[in-house]
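Beneath this line is the structure, given in structure tokens, with notes to follow.
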Amino acid sequence: MKSFLRLSVAASLTLALIASGSSGATAGQSATGLAEPVRIGFEVRNGQPVTASGEKVTDYWTPERMAAAVPIAGPASNGTSDERAVASAEGYTLSVGNVYLTSASGRDVRCSGGAVDSPKKRLVLTAAHCVRGEEGFASNIVFAPGIRDGVSPVGEFAATSVVVSPNWYIEAPDFNYAYDLAVLTMANGDVEDRPVGRVVEPFAIEWNTGYEHDNVTGMGYPGNPDAGGNQHHYEEVSTERGECPDHLEGECDVDNMVLGDFYCFSGSSGGPWVRNFNGEGSGTIISVISLGAEGFPCYGPYLDDELKAVFDWAESFSPE
């Protein structure tokens with residue numbers, strides 16, 4: 001989770017930059033008339049993404065590296081000045097996990113993510129600021145579903161590509177948080193040789209559903225000491241349309257975002273906001289954890305047609 005203030009997210013080592021099959025960022029418009037999303041593809045050998053040195057990405061992420069991975073950014077919300085804040089409690093579902101990745105500066109870092117349903121069963125959602133910062137895109141990305149005390153019961157899934165909106169990155173050091181969504185396409189798991197959506201129960205997702213929702217659960221792996229590095233659920237959340245806090249006016253662009261009445265911390269970025277969560281894996285994603293500010297609740301991107309195009313683009317490039 002990032003602060004509203006100037007953002008500096010590191011990302012990327014050796015990547016193949018792909019957009020519409022060419023080496024570059026965006027390329028014209030999609031069939032919907034929207035600017036085509038930006039896609040980064042990673043080298044794959046024998047069905048598995050590999051690091052720059054040729055090592056399988058899932059092998060790169062040893063238990064020691066996972067334990068040492070730093071939650072992206074520091075806590076930007078401490079929950080001290082808004083009485084609406086919903087308390088978190090440790091929870092557990094295989095549909096949510098840690099997203100581990102290597103930044104452009106070579107740091108191993110982590111965010112959160114959630115498996116989402118699609119025809120090919122290979123998609124995971126996270127926050128765009130987790131995977132694309134000022135210095136470029138992240139690499140060595142894996143999703144560890146339901147990880148608890150450093151162990152994922154179903155193993156890890158490595159990303160074959162990542163897709164973000166062309167409007168996410170404006171110009172250094174500015175990003176547009178209304179587009180803070182990334183869609184990862186995943187290879188088969190390293191333990192179970194199947195797509196992630198056939199190993200865990202993926203969430204449904206809906207688009208253009210409005211800003212006001214009740215019975216929402218925010219989920220992720222917050223990095224604050226009280227969380228213990230495990231999955232937390234922010235339950236009985238209500239949402240509304242977000243507006244930039246007065247003291248940050250002109251420094252953030254959140255007027256087209258969803259505001260939830262809970263406090264989120266670094267590490268939880270990218271975790272899903274799920275309506276009507278049943279305690280296991282059923283429910284519908286309406287946003288992901290994006291950002292907060294000191295003493296203010298969480299914001300997430302509104303899932304509109306442009307972000308649906310990101311989702312559809314990722315699905316079109318998913319392996320069969």
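Following the order of the structure tokens, first chain is A, next is B, and so on, with residues numbered from 1 inside each chain and ligands from 1 in the order they appear.
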
*asked:* List as number ranges by chain the protein and nucleic acid residues near A:Arg148, meaning an atom at most 8 Å away when only C-alpha atoms are counted, but skip any in the same chain fewer than 4 places from it.
replied: A: 152, 230-231

Produce a file of the selected residues containing C-alpha atoms, as a compact mmCIF listing (two decimals), in the first residue's frame.
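selection-v6.txt, written as the output of this step:
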# COMPACT_ATOMS: atom_id res chain seq x y z
CA SER A 152 1.93 -22.30 0.98
CA ASN A 230 0.04 -13.68 7.91
CA GLN A 231 -3.22 -13.16 6.05

What lies within 6 Å of stretch 235-244 of chain A using only C-alpha atoms, ignoring chain neighbours under 3 positions off, as number ranges by chain? A: 211-217, 249, 254-255, 257-261

ask   = Which neighbours of stretch 101-115 of chain A fall inside 6 Å, counting only C-alpha atoms, when residues of the same chain fewer than 5 positions from it are skipped, and could you give them as a list in words?
value = Ala10, Ala11, Ser12, Leu13, Ala69, Val70, Pro71, Ser95, Val96, Val124, Leu125, Thr126, Ala138, Ser139, Asn140, Ile141, Pro202, Gly220, Tyr221, Gly267, Ser268, Ser269, Gly270, Gly271 and Pro272 of chain A

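Note that atom CA of A:Ile72 and atom CA of A:Glu280 are 26.4 Å apart.
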
- List every residue of stretch 97-227 of chain A that DSSP, applied to the backbone of this structure, places in strand (DSSP E or B), and write the result as a PyMOL selection string. chain A and resi 97-102+108-116+123-126+132-133+136-137+139-145+148+151+157-164+169-171+174-175+182-186+203-205+213-220

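Of the residues in stretch 69-139 of chain A, those that DSSP places in alpha helix (DSSP H) on the basis of the backbone are Ala128, His129, Cys130 and Val131 of chain A.
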
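Here atom CA of A:Gly47 and atom CA of A:Asp117 stand 21.2 Å from one another.
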